[in-house]
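Engineer: Mind having a look at this structure? Questions to follow.
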Protein chains: 2
Amino acid sequence: MRDRSSRSSSHSVDVVLVTAMGTELAILFTRSTTDRERWALPWKVAQGGEALDSTATRLVQDVLGEPPTWIEQIGAFADGKRHPSDADISVAFVGLVPHETASPRPGNTWFPVADLPPLSPRQRSMVEGATRTIQARLDQAPIAFHLLPPTFTLSELQHLYELLLAKRLHKASFRRALQAAWLVEPTDEWRSEGRGRPAQLYRYAPKKKRRGHRGVRFDLLHP
Amino acid sequence: MRDRSSRSSSHSVDVVLVTAMGTELAILFTRSTTDRERWALPWKVAQGGEALDSTATRLVQDVLGEPPTWIEQIGAFADGKRHPSDADISVAFVGLVPHETASPRPGNTWFPVADLPPLSPRQRSMVEGATRTIQARLDQAPIAFHLLPPTFTLSELQHLYELLLAKRLHKASFRRALQAAWLVEPTDEWRSEGRGRPAQLYRYAPKKKRRGHRGVRFDLLHP
DNA sequence: GACTTTAGTCACAAAAGGTGACTAATTCAT
DNA sequence: ATGAATTAGTCACCTTTTGTGACTAAAGTC
């Protein structure tokens, strides 16, 4: 990330990094280099030659120490004049990381989505775009698993989906849909979480087991 | 559109204009200004200040004489060095127009998607991106109607969906799904199309009649 | 041991979907 | 004019999927 005195003719790459922090989603912000009171989405001015997604992945590396488990371009943003860089066009990406392995480098912090810092109009659009992209992908690909550690309980998975879809799901329906889609497979481990019966741990099922099985629309399920 | 001798530091806006030509989809191409034997997607170098979608809409105006009935950004493309402009980044849009009202300005021609002219790698990615975007939107929003004139028969609508989804649909299922979603309403006109019983004309139903009704996934219907 | 809490399963009713067969209105051939 | 062919439109029946409450299981708490 270079400061705003740099040449403006190029484009910036910005990334909306999302994680599931306990009971709510959170987005990563970086302290502004010029005004230490302000926060901004991580960004970097891209050099012409590099592929956009490499730049984005490297940017995540810089702020998190490791690459995202999933990343996708949201689009290009040019409306609204103010941006941390002076780039007249910015390409935004959305990335997911499981919260367990995500320890931000100094100067970077997770903010719950319900309580974001003030942003430039352009970066605010990016956050909205990220939300839309996640919602849209959610019923096309099993991206929720990118927010979880390698093994998890089905209750954790259901709570995550409830968080992402902002809606309650019925346990039996949820599990039946999971089974139909061959999305997960049980491990032989169990986890006791304080009170109540221990839960079996599952892992995301390798694709090959899913041949010929239809996808699932968890977003259509009722409570 | 300026020729490639112009400055290269800015970005280009490119548009993949799609229409339904009889029994196949078609994309609009412009004869290259430098090499009259080559074809390219319509593009233009954008000036910093303008909103990207205004630029795209104006570009469609220029090549078609009227704006698209629907347009959406596909994303930014930077990989692959060759592009008609020398812009190091291009923002692509996908637009839809009904074929009836679409008469390209001289130098622009529709090419069936099965038989496209040779393209730069970057523009080829854009065409693929357009296909993906259309497929993705198709089951989220009723964009198919943007390829049809204001009134149409249900058979025309079904054939269009079969074209877009590249799969045959069963008549009764298709109509039942349409009814459930309140997507169309009958007019009191009928059209006789040569042989066979005349078909009733329908129009796209205003949104307000659709309150509280769920969407339909035509892509899930079987033949 | 009784009660509470969370996990996991079942079974039944209701809704949605797949499909062939039917009726209706027109043109074309004889 | 009659009937075959063609396209539109609807129905009815069966199968599959989904919504949902109630049930069993295994732990902790008092």
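Within each chain, counting starts at residue 1; across the structure tokens, chains are named A, B, ... in the order shown, with ligands numbered 1 upward in that order.
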Show which residues sit within 9 Å of Ser10 of chain A, as a PyMOL selection string. Count only C-alpha atoms (C1' of nucleotides), and ignore same-chain residues fewer than 3 positions away.
Structural biologist: (chain A and resi 7+45-48+86-89) or (chain B and resi 9-11+88)
Engineer: Can you pull out every residue from chain B that DSSP, working from the backbone, puts in strand (DSSP E or B), and format the result as number ranges by chain?
Structural biologist: B: 12-21, 24-31, 39-40, 43-45, 70-77, 90-96, 108-112, 151-153, 184-191, 199-204
Engineer: Just checking: using only C-alpha atoms, which residue out of B:Trp110, B:Phe93, B:Phe218, B:Trp190 ends up closest to Leu178 of chain B?
Structural biologist: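 Closest to Leu178 of chain B, using only C-alpha atoms: B:Phe218.
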Engineer: With only C-alpha atoms as the basis for distance, which of B:Arg31, B:Lys81, B:His146, B:His170 is at the shortest distance from chain A?
Structural biologist: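 Once distances to chain A are computed over only C-alpha atoms, the minimum belongs to B:Lys81.
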Engineer: Mind pulling up the distance from atom CA of Ala76 of chain B to atom CA of Ala76 of chain A?
Structural biologist: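 Distance reported for this atom pair: 5.7 Å.
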